[in-house]
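Structure file upload08.pdb (PDB, C-alpha atoms) follows.
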```pdb
MODEL        1
ATOM      1  CA  MET O  63      95.493 -84.670 -39.681
ATOM      2  CA  THR O  64      95.333 -86.008 -36.135
ATOM      3  CA  ARG O  65      95.294 -89.692 -35.176
ATOM      4  CA  GLU O  66      91.627 -89.459 -34.243
ATOM      5  CA  HIS O  67      90.709 -87.817 -37.515
ATOM      6  CA  TYR O  68      92.740 -90.270 -39.605
ATOM      7  CA  LEU O  69      91.336 -93.390 -37.977
ATOM      8  CA  ASN O  70      87.793 -92.031 -38.154
ATOM      9  CA  GLU O  71      88.149 -91.299 -41.835
ATOM     10  CA  LEU O  72      89.533 -94.770 -42.517
ATOM     11  CA  TRP O  73      86.739 -96.360 -40.476
ATOM     12  CA  GLN O  74      84.111 -94.453 -42.467
ATOM     13  CA  GLN O  75      85.689 -95.375 -45.779
ATOM     14  CA  LEU O  76      85.700 -99.063 -44.890
ATOM     15  CA  ALA O  77      81.948 -99.076 -44.223
ATOM     16  CA  PRO O  78      81.079-101.764 -46.841
ATOM     17  CA  VAL O  79      83.215-104.369 -45.059
ATOM     18  CA  PRO O  80      81.838-106.609 -42.267
ATOM     19  CA  GLU O  81      82.733-105.323 -38.835
ATOM     20  CA  ALA O  82      85.133-108.140 -37.858
ATOM     21  CA  LYS O  83      87.283-107.653 -40.941
ATOM     22  CA  ARG O  84      87.099-103.892 -40.570
ATOM     23  CA  ARG O  85      88.368-104.075 -36.983
ATOM     24  CA  GLU O  86      91.170-106.404 -38.032
ATOM     25  CA  TRP O  87      92.328-103.901 -40.643
ATOM     26  CA  MET O  88      91.939-100.927 -38.326
ATOM     27  CA  TYR O  89      94.090-102.688 -35.756
ATOM     28  CA  ASP O  90      97.168-102.386 -37.987
ATOM     29  CA  TYR O  91      96.727 -98.639 -38.305
ATOM     30  CA  GLU O  92      95.925 -98.109 -34.635
ATOM     31  CA  GLU O  93      99.038-100.047 -33.715
ATOM     32  CA  HIS O  94     101.041 -98.029 -36.188
ATOM     33  CA  PHE O  95      99.985 -94.753 -34.561
ATOM     34  CA  ARG O  96     100.690 -96.174 -31.106
ATOM     35  CA  ILE O  97     104.217 -97.334 -31.904
ATOM     36  CA  ALA O  98     105.009 -94.117 -33.763
ATOM     37  CA  ALA O  99     103.900 -92.186 -30.680
ATOM     38  CA  GLU O 100     106.075 -94.383 -28.447
ATOM     39  CA  GLN O 101     108.999 -93.364 -30.642
ATOM     40  CA  GLY O 102     108.123 -89.737 -30.098
ATOM     41  CA  GLN O 103     106.771 -89.001 -33.556
ATOM     42  CA  PRO O 104     104.044 -86.344 -33.769
ATOM     43  CA  GLU O 105     100.597 -87.625 -34.864
ATOM     44  CA  GLU O 106     100.449 -85.294 -37.846
ATOM     45  CA  GLN O 107     103.687 -86.620 -39.233
ATOM     46  CA  THR O 108     102.567 -90.231 -38.805
ATOM     47  CA  ALA O 109      99.302 -89.502 -40.581
ATOM     48  CA  ALA O 110     101.131 -87.809 -43.436
ATOM     49  CA  GLU O 111     103.521 -90.743 -43.825
ATOM     50  CA  LEU O 112     100.670 -93.240 -43.867
ATOM     51  CA  GLY O 113      99.134 -91.490 -46.846
ATOM     52  CA  ASP O 114      95.587 -90.493 -47.740
ATOM     53  CA  PRO O 115      93.161 -92.697 -45.750
ATOM     54  CA  ARG O 116      90.811 -92.769 -48.728
ATOM     55  CA  ALA O 117      93.545 -94.230 -50.940
ATOM     56  CA  VAL O 118      94.439 -96.772 -48.253
ATOM     57  CA  ALA O 119      90.770 -97.745 -47.909
ATOM     58  CA  ARG O 120      90.388 -98.173 -51.654
ATOM     59  CA  GLU O 121      93.372-100.500 -51.771
ATOM     60  CA  LEU O 122      92.002-102.587 -48.916
ATOM     61  CA  LEU O 123      88.493-102.633 -50.388
ATOM     62  CA  LEU O 124      89.551-103.768 -53.827
ATOM     63  CA  GLY O 125      91.344-106.809 -52.427
ATOM     64  CA  TYR O 126      88.278-107.589 -50.365
ATOM     65  CA  ARG O 127      85.859-107.291 -53.305
ATOM     66  CA  VAL O 128      87.894-109.494 -55.600
ATOM     67  CA  GLU O 129      88.352-112.035 -52.810
ATOM     68  CA  ALA O 130      84.610-112.036 -52.067
ATOM     69  CA  ALA O 131      83.784-112.471 -55.750
ATOM     70  CA  SER O 132      86.076-115.443 -56.208
ATOM     71  CA  GLN O 133      84.861-117.095 -53.015
ATOM     72  CA  GLY O 134      81.249-116.449 -53.969
ATOM     73  CA  GLY O 135      81.766-118.625 -57.040
ATOM     74  CA  GLY O 136      81.536-115.765 -59.524
ATOM     75  CA  GLY O 137      77.970-114.565 -58.942
ATOM     76  CA  VAL O 138      76.995-111.620 -61.133
ATOM     77  CA  ARG O 139      76.353-109.320 -58.163
ATOM     78  CA  LEU O 140      79.724-109.971 -56.484
ATOM     79  CA  VAL O 141      81.714-109.823 -59.706
ATOM     80  CA  SER O 142      80.022-106.553 -60.628
ATOM     81  CA  ARG O 143      80.976-105.079 -57.258
ATOM     82  CA  ALA O 144      84.578-106.109 -57.808
ATOM     83  CA  VAL O 145      84.550-104.552 -61.277
ATOM     84  CA  PHE O 146      83.226-101.289 -59.876
ATOM     85  CA  ALA O 147      85.778-101.327 -57.042
ATOM     86  CA  ALA O 148      88.576-101.764 -59.568
ATOM     87  CA  VAL O 149      87.281 -98.998 -61.799
ATOM     88  CA  GLY O 150      86.810 -96.762 -58.757
ATOM     89  CA  LEU O 151      90.438 -97.226 -57.839
ATOM     90  CA  GLY O 152      91.294 -95.664 -61.165
ATOM     91  CA  PHE O 153      93.517 -98.531 -62.222
ATOM     92  CA  PHE O 154      91.261 -99.592 -65.019
ATOM     93  CA  ASN O 155      90.187 -97.381 -67.778
ATOM     94  CA  LEU O 156      86.489 -96.717 -67.372
ATOM     95  CA  VAL O 157      85.736 -97.061 -71.068
ATOM     96  CA  PHE O 158      87.855-100.111 -71.761
ATOM     97  CA  VAL O 159      86.778-102.197 -68.795
ATOM     98  CA  LEU O 160      83.389-101.016 -67.654
ATOM     99  CA  GLY O 161      82.089-100.512 -71.221
ATOM    100  CA  PRO O 162      82.686-104.050 -72.489
ATOM    101  CA  TYR O 163      81.591-105.496 -69.146
ATOM    102  CA  LEU O 164      78.231-103.694 -69.284
ATOM    103  CA  ALA O 165      77.816-104.615 -72.953
ATOM    104  CA  LEU O 166      78.380-108.285 -72.104
ATOM    105  CA  LEU O 167      75.899-108.050 -69.241
ATOM    106  CA  GLY O 168      73.352-106.574 -71.662
ATOM    107  CA  LEU O 169      73.949-109.398 -74.105
ATOM    108  CA  LEU O 170      73.489-111.987 -71.371
ATOM    109  CA  LEU O 171      70.306-110.327 -70.198
ATOM    110  CA  ALA O 172      68.939-110.397 -73.762
ATOM    111  CA  LEU O 173      69.792-114.078 -74.094
ATOM    112  CA  TRP O 174      68.033-114.888 -70.826
ATOM    113  CA  ALA O 175      65.008-112.868 -71.939
ATOM    114  CA  VAL O 176      64.783-114.731 -75.264
ATOM    115  CA  ALA O 177      65.082-118.093 -73.495
ATOM    116  CA  GLY O 178      62.384-117.036 -71.039
ATOM    117  CA  SER O 179      60.001-115.879 -73.748
ATOM    118  CA  PHE O 180      60.331-119.183 -75.618
ATOM    119  CA  VAL O 181      59.283-121.033 -72.484
ATOM    120  CA  ILE O 182      56.354-118.644 -71.968
ATOM    121  CA  ALA O 183      55.412-119.071 -75.631
ATOM    122  CA  ALA O 184      55.295-122.853 -75.136
ATOM    123  CA  PHE O 185      52.683-122.431 -72.401
ATOM    124  CA  ALA O 186      50.757-119.898 -74.464
ATOM    125  CA  VAL O 187      50.553-122.278 -77.424
ATOM    126  CA  LEU O 188      49.353-125.105 -75.179
ATOM    127  CA  LEU O 189      46.675-122.849 -73.693
ATOM    128  CA  GLU O 190      45.555-121.802 -77.149
ATOM    129  CA  GLY O 191      45.338-125.424 -78.298
ATOM    130  CA  TRP O 192      43.316-126.346 -75.231
ATOM    131  CA  THR O 193      40.871-123.441 -74.964
ATOM    132  CA  GLY O 194      41.039-121.513 -78.235
ATOM    133  CA  ASP O 195      40.269-122.769 -81.718
ATOM    134  CA  ALA O 196      43.106-121.272 -83.790
ATOM    135  CA  ILE O 197      45.072-124.532 -83.663
ATOM    136  CA  ALA O 198      44.224-128.128 -82.810
ATOM    137  CA  MET O 199      45.541-129.694 -79.603
ATOM    138  CA  PRO O 200      48.042-132.150 -81.219
ATOM    139  CA  LEU O 201      49.560-129.317 -83.221
ATOM    140  CA  ALA O 202      49.677-127.158 -80.089
ATOM    141  CA  VAL O 203      51.517-129.880 -78.152
ATOM    142  CA  PHE O 204      53.975-130.181 -80.999
ATOM    143  CA  GLY O 205      54.527-126.387 -81.124
ATOM    144  CA  ALA O 206      54.864-126.189 -77.372
ATOM    145  CA  MET O 207      57.498-128.922 -77.417
ATOM    146  CA  ILE O 208      59.522-127.041 -80.031
ATOM    147  CA  ALA O 209      59.248-123.699 -78.248
ATOM    148  CA  GLY O 210      59.883-125.215 -74.838
ATOM    149  CA  GLY O 211      62.870-127.177 -76.128
ATOM    150  CA  LEU O 212      64.365-124.091 -77.739
ATOM    151  CA  GLY O 213      63.771-122.103 -74.559
ATOM    152  CA  LEU O 214      65.495-124.700 -72.383
ATOM    153  CA  LEU O 215      68.425-125.019 -74.784
ATOM    154  CA  LEU O 216      68.906-121.249 -74.891
ATOM    155  CA  GLY O 217      68.532-121.118 -71.120
ATOM    156  CA  ALA O 218      71.266-123.688 -70.686
ATOM    157  CA  ALA O 219      73.488-121.775 -73.091
ATOM    158  CA  ALA O 220      72.823-118.520 -71.254
ATOM    159  CA  TYR O 221      73.643-120.204 -67.951
ATOM    160  CA  LYS O 222      76.949-121.542 -69.255
ATOM    161  CA  LEU O 223      77.835-118.226 -70.852
ATOM    162  CA  THR O 224      77.049-116.251 -67.701
ATOM    163  CA  GLY O 225      79.290-118.528 -65.649
ATOM    164  CA  GLY O 226      82.053-118.338 -68.238
ATOM    165  CA  ILE O 227      81.974-114.582 -68.557
ATOM    166  CA  MET O 228      81.977-114.104 -64.776
ATOM    167  CA  ARG O 229      84.929-116.464 -64.402
ATOM    168  CA  LEU O 230      86.864-114.673 -67.116
ATOM    169  CA  THR O 231      86.141-111.258 -65.642
ATOM    170  CA  LEU O 232      87.286-112.505 -62.272
ATOM    171  CA  LYS O 233      90.493-113.939 -63.670
ATOM    172  CA  TYR O 234      91.213-110.659 -65.369
ATOM    173  CA  LEU O 235      90.575-108.759 -62.141
ATOM    174  CA  LEU O 236      92.725-111.130 -60.093
ATOM    175  CA  ALA O 237      95.645-110.867 -62.488
ATOM    176  CA  ASN O 238      95.400-107.098 -62.461
ATOM    177  CA  THR O 239      94.864-106.590 -58.741
ATOM    178  CA  LYS O 240      97.862-108.750 -57.957
ATOM    179  CA  MET O 241      99.988-106.458 -60.041
ATOM    180  CA  MET O 242      98.219-103.476 -58.639
ATOM    181  CA  LYS O 243      98.732-104.457 -55.085
ATOM    182  CA  ARG O 244     102.379-104.901 -55.729
ATOM    183  CA  SER O 245     102.400-101.363 -56.977
ATOM    184  CA  VAL O 246     101.612 -99.809 -53.640
ATOM    185  CA  ALA O 247     103.491 -96.756 -54.822
ATOM    186  CA  ARG O 248     101.983 -93.435 -53.940
TER     187      ARG O 248
ATOM    188  CA  MET C 991     112.900 -95.626 -59.808
ATOM    189  CA  ASN C 992     110.641 -96.991 -62.509
ATOM    190  CA  VAL C 993     107.211 -97.809 -61.036
ATOM    191  CA  GLN C 994     106.710-100.892 -63.165
ATOM    192  CA  PHE C 995     110.017-102.267 -61.987
ATOM    193  CA  LYS C 996     109.271-101.609 -58.355
ATOM    194  CA  LYS C 997     105.986-103.533 -58.441
ATOM    195  CA  GLY C 998     107.307-107.056 -58.459
ATOM    196  CA  VAL C 999     110.114-106.337 -56.038
ATOM    197  CA  LEU C1000     108.012-105.272 -53.052
ATOM    198  CA  ASP C1001     106.793-108.811 -52.322
ATOM    199  CA  LEU C1002     110.354-110.091 -52.459
ATOM    200  CA  CYS C1003     111.600-107.395 -50.092
ATOM    201  CA  VAL C1004     108.938-107.748 -47.453
ATOM    202  CA  LEU C1005     109.304-111.540 -47.472
ATOM    203  CA  SER C1006     113.084-111.191 -47.237
ATOM    204  CA  LEU C1007     112.847-109.017 -44.132
ATOM    205  CA  THR C1008     111.087-111.837 -42.302
ATOM    206  CA  ALA C1009     113.361-114.648 -43.491
ATOM    207  CA  TRP C1010     115.320-114.985 -40.230
ATOM    208  CA  GLU C1011     113.148-113.272 -37.655
ATOM    209  CA  ASP C1012     109.495-112.435 -37.171
ATOM    210  CA  ARG C1013     108.792-108.738 -37.406
ATOM    211  CA  TYR C1014     105.904-106.500 -36.458
ATOM    212  CA  GLY C1015     103.964-104.444 -38.964
ATOM    213  CA  TYR C1016     105.399-101.083 -37.996
ATOM    214  CA  GLU C1017     108.965-102.282 -38.522
ATOM    215  CA  LEU C1018     108.118-103.651 -41.948
ATOM    216  CA  ALA C1019     106.132-100.594 -43.004
ATOM    217  CA  VAL C1020     108.885 -98.179 -41.993
ATOM    218  CA  ALA C1021     111.663-100.318 -43.480
ATOM    219  CA  MET C1022     109.843-100.623 -46.807
ATOM    220  CA  SER C1023     108.953 -96.973 -47.137
ATOM    221  CA  SER C1024     112.469 -95.860 -46.193
ATOM    222  CA  LYS C1025     113.893 -97.686 -49.213
ATOM    223  CA  PHE C1026     111.126 -97.258 -51.751
ATOM    224  CA  GLU C1027     108.730 -94.495 -52.539
ATOM    225  CA  VAL C1028     105.852 -96.292 -50.896
ATOM    226  CA  ALA C1029     103.276 -94.692 -48.629
ATOM    227  CA  VAL C1030     103.635 -96.326 -45.210
ATOM    228  CA  GLY C1031      99.885 -96.992 -45.151
ATOM    229  CA  SER C1032     100.114 -99.056 -48.334
ATOM    230  CA  VAL C1033     102.402-101.639 -46.790
ATOM    231  CA  TYR C1034      99.608-102.998 -44.584
ATOM    232  CA  PRO C1035      97.349-103.961 -47.514
ATOM    233  CA  LEU C1036     100.379-105.742 -48.957
ATOM    234  CA  LEU C1037     100.963-107.612 -45.670
ATOM    235  CA  ASN C1038      97.253-108.455 -45.589
ATOM    236  CA  ARG C1039      97.361-109.957 -49.022
ATOM    237  CA  LEU C1040     100.486-112.006 -48.342
ATOM    238  CA  THR C1041      98.845-113.294 -45.156
ATOM    239  CA  GLN C1042      95.696-114.197 -47.058
ATOM    240  CA  GLU C1043      97.756-116.064 -49.634
ATOM    241  CA  GLY C1044      99.260-118.154 -46.842
ATOM    242  CA  TYR C1045     102.790-116.732 -46.906
ATOM    243  CA  PHE C1046     102.512-115.197 -43.433
ATOM    244  CA  THR C1047     100.856-116.107 -40.172
ATOM    245  CA  THR C1048     100.366-113.448 -37.527
ATOM    246  CA  TYR C1049     100.414-113.518 -33.754
ATOM    247  CA  LEU C1050     100.434-111.011 -30.908
ATOM    248  CA  ARG C1051     103.466-110.707 -28.665
ATOM    249  CA  GLU C1052     103.983-108.526 -25.600
ATOM    250  CA  SER C1053     106.423-105.676 -26.010
ATOM    251  CA  PRO C1054     108.519-104.131 -23.225
ATOM    252  CA  GLU C1055     107.266-100.642 -24.115
ATOM    253  CA  GLY C1056     103.565-101.337 -23.873
ATOM    254  CA  PRO C1057     100.641-103.277 -25.390
ATOM    255  CA  PRO C1058     101.244-106.393 -27.530
ATOM    256  CA  ARG C1059     102.278-106.025 -31.161
ATOM    257  CA  LYS C1060     101.179-107.991 -34.196
ATOM    258  CA  TYR C1061     104.048-110.043 -35.579
ATOM    259  CA  TYR C1062     104.354-111.518 -39.049
ATOM    260  CA  LYS C1063     105.898-114.979 -39.316
ATOM    261  CA  LEU C1064     106.949-116.538 -42.605
ATOM    262  CA  THR C1065     105.223-119.900 -43.246
ATOM    263  CA  PRO C1066     106.923-122.831 -45.043
ATOM    264  CA  LEU C1067     104.852-121.875 -48.088
ATOM    265  CA  GLY C1068     106.060-118.283 -47.730
ATOM    266  CA  HIS C1069     109.629-119.470 -47.491
ATOM    267  CA  GLN C1070     109.226-121.479 -50.668
ATOM    268  CA  HIS C1071     107.719-118.473 -52.418
ATOM    269  CA  LEU C1072     110.562-116.267 -51.199
ATOM    270  CA  MET C1073     113.145-118.679 -52.622
ATOM    271  CA  GLU C1074     111.356-118.669 -55.984
ATOM    272  CA  LEU C1075     111.241-114.875 -56.100
ATOM    273  CA  LEU C1076     114.854-114.694 -55.019
ATOM    274  CA  ARG C1077     115.911-117.013 -57.815
ATOM    275  CA  GLU C1078     113.997-114.941 -60.359
ATOM    276  CA  TRP C1079     115.558-111.772 -59.014
ATOM    277  CA  ARG C1080     119.107-113.177 -59.105
ATOM    278  CA  THR C1081     118.687-114.293 -62.710
ATOM    279  CA  PHE C1082     117.275-110.911 -63.637
ATOM    280  CA  SER C1083     119.904-108.785 -61.903
ATOM    281  CA  HIS C1084     122.691-111.015 -63.159
ATOM    282  CA  ALA C1085     121.473-110.506 -66.725
ATOM    283  CA  VAL C1086     121.313-106.742 -66.222
ATOM    284  CA  ASP C1087     124.841-106.677 -64.779
ATOM    285  CA  GLU C1088     126.195-108.673 -67.692
ATOM    286  CA  LEU C1089     124.714-106.272 -70.202
ATOM    287  CA  ILE C1090     125.971-103.247 -68.297
ATOM    288  CA  LYS C1091     129.457-104.731 -68.214
ATOM    289  CA  GLU C1092     129.271-105.434 -71.911
ATOM    290  CA  GLY C1093     127.999-101.995 -72.817
ATOM    291  CA  VAL C1094     129.213 -99.460 -70.280
ATOM    292  CA  GLU C1095     132.117-100.816 -68.279
ATOM    293  CA  ARG C1096     134.328-102.202 -70.994
TER     294      ARG C1096
ENDMDL
END
```
Any chance you could put this one into structure tokens?
Amino acid sequence: MTREHYLNELWQQLAPVPEAKRREWMYDYEEHFRIAAEQGQPEEQTAAELGDPRAVARELLLGYRVEAASQGGGGVRLVSRAVFAAVGLGFFNLVFVLGPYLALLGLLLALWAVAGSFVIAAFAVLLEGWTGDAIAMPLAVFGAMIAGGLGLLLGAAAYKLTGGIMRLTLKYLLANTKMMKRSVAR
Amino acid sequence: MNVQFKKGVLDLCVLSLTAWEDRYGYELAVAMSSKFEVAVGSVYPLLNRLTQEGYFTTYLRESPEGPPRKYYKLTPLGHQHLMELLREWRTFSHAVDELIKEGVER
């Protein structure tokens, strides 16, 4: 692989990263090729020593994803990206990491949905008490307060749980990527 | 060499190389991969991480042969971290030596 080819490939692979960061990373590899050339080493040999640009890009990307997720305060979107980056790197077993993670996400989604439907039910009961004649207004207000209260409680629980699960996932990723990045073995 | 064993040592080695003088990336990458089975290209992500964690600062310095090179300088925090790792390593290798003496070299 020539210098041109190698750097192009690396540049393509780093596409998800903002341009400033991408240039900063590329600089190291450009400099490496330049100094190797100054020492009279053929481009092909330098490229071979550097190792597969796709593997290099994956290593760089994983660090970036985990970093972004922890700086973003553990938002679901960022944490999910980091999880996928880690799984993509092949360090985590797909079944043992991605499986439980998706299951937890499903559980959270269900909890949010239940909380949401309680709140909607509260409004529906109020509307029925006001316009319909199935239940009287005082009873409707009472029902709406129960449903609304339950909905808000569940919502708060779901919020806490989401934050907790994201933080835990992130911690797990951080612990593992640190080890991983130490293992820069080929 | 055992991969698991090599993992923790790479940080220690790359920090050690910069203990007394600042070095540029190429030097570090080549030095590391000449001693360990590490792809040269994987040393830069390692340097990136150590920089991000505050153990290195980087700067550009002119070189006699051409354009400026990016140098890695150990920070006080990096120095502290290096000393910790070094202590851990000494304890570990001392323990291994003791056991080898006891078992093999008696």
Q: Can you give me, as a VMD selection string, the residues this file yields under the PyMOL selection byres ((chain C and resi 1062) around 9)?
A: chain C and resid 1008 1012 to 1015 1037 1041 1046 to 1049 1060 to 1061 1063 to 1064
Pull out every residue of chain C that has at least one atom within 9 Å of chain O, counting all atoms listed in the file, and report them as a tab-separated table (two decimals) with C-alpha atoms, keeping the file's coordinate frame.
```tsv
chain	number	residue	atom	x	y	z
C	993	VAL	CA	107.21	-97.81	-61.04
C	994	GLN	CA	106.71	-100.89	-63.16
C	996	LYS	CA	109.27	-101.61	-58.36
C	997	LYS	CA	105.99	-103.53	-58.44
C	998	GLY	CA	107.31	-107.06	-58.46
C	999	VAL	CA	110.11	-106.34	-56.04
C	1000	LEU	CA	108.01	-105.27	-53.05
C	1001	ASP	CA	106.79	-108.81	-52.32
C	1015	GLY	CA	103.96	-104.44	-38.96
C	1016	TYR	CA	105.40	-101.08	-38.00
C	1019	ALA	CA	106.13	-100.59	-43.00
C	1023	SER	CA	108.95	-96.97	-47.14
C	1026	PHE	CA	111.13	-97.26	-51.75
C	1027	GLU	CA	108.73	-94.50	-52.54
C	1028	VAL	CA	105.85	-96.29	-50.90
C	1029	ALA	CA	103.28	-94.69	-48.63
C	1030	VAL	CA	103.64	-96.33	-45.21
C	1031	GLY	CA	99.88	-96.99	-45.15
C	1032	SER	CA	100.11	-99.06	-48.33
C	1033	VAL	CA	102.40	-101.64	-46.79
C	1034	TYR	CA	99.61	-103.00	-44.58
C	1035	PRO	CA	97.35	-103.96	-47.51
C	1036	LEU	CA	100.38	-105.74	-48.96
C	1038	ASN	CA	97.25	-108.46	-45.59
C	1039	ARG	CA	97.36	-109.96	-49.02
C	1055	GLU	CA	107.27	-100.64	-24.12
C	1056	GLY	CA	103.56	-101.34	-23.87
C	1059	ARG	CA	102.28	-106.02	-31.16
C	1060	LYS	CA	101.18	-107.99	-34.20
```
Q: Evaluate the PyMOL selection byres ((chain O and resi 162-164) around 12) and record the selected residues as a ChimeraX atom specification, following the chain and residue labels used in the document.
A: /O:138,141-146,149,155-161,165-171,224,227-228,230-232,234-235
Q | Answer as a list in words, residues within 6 Å of (104.4, -119.2, -47.7) using all atoms listed in the file | A | Gly1044, Tyr1045, Thr1065, Pro1066, Leu1067, Gly1068, His1069 and His1071 of chain C
Let me have the centre and edge lengths in Å, one decimal, of the box along x, y and z around every listed atom of range 1010-1023 of chain C with 3 Å of margin on each side, as AutoDock Vina command-line options.
```
--center_x 109.6 --center_y -106.0 --center_z -41.8 --size_x 17.4 --size_y 24.0 --size_z 16.7
```
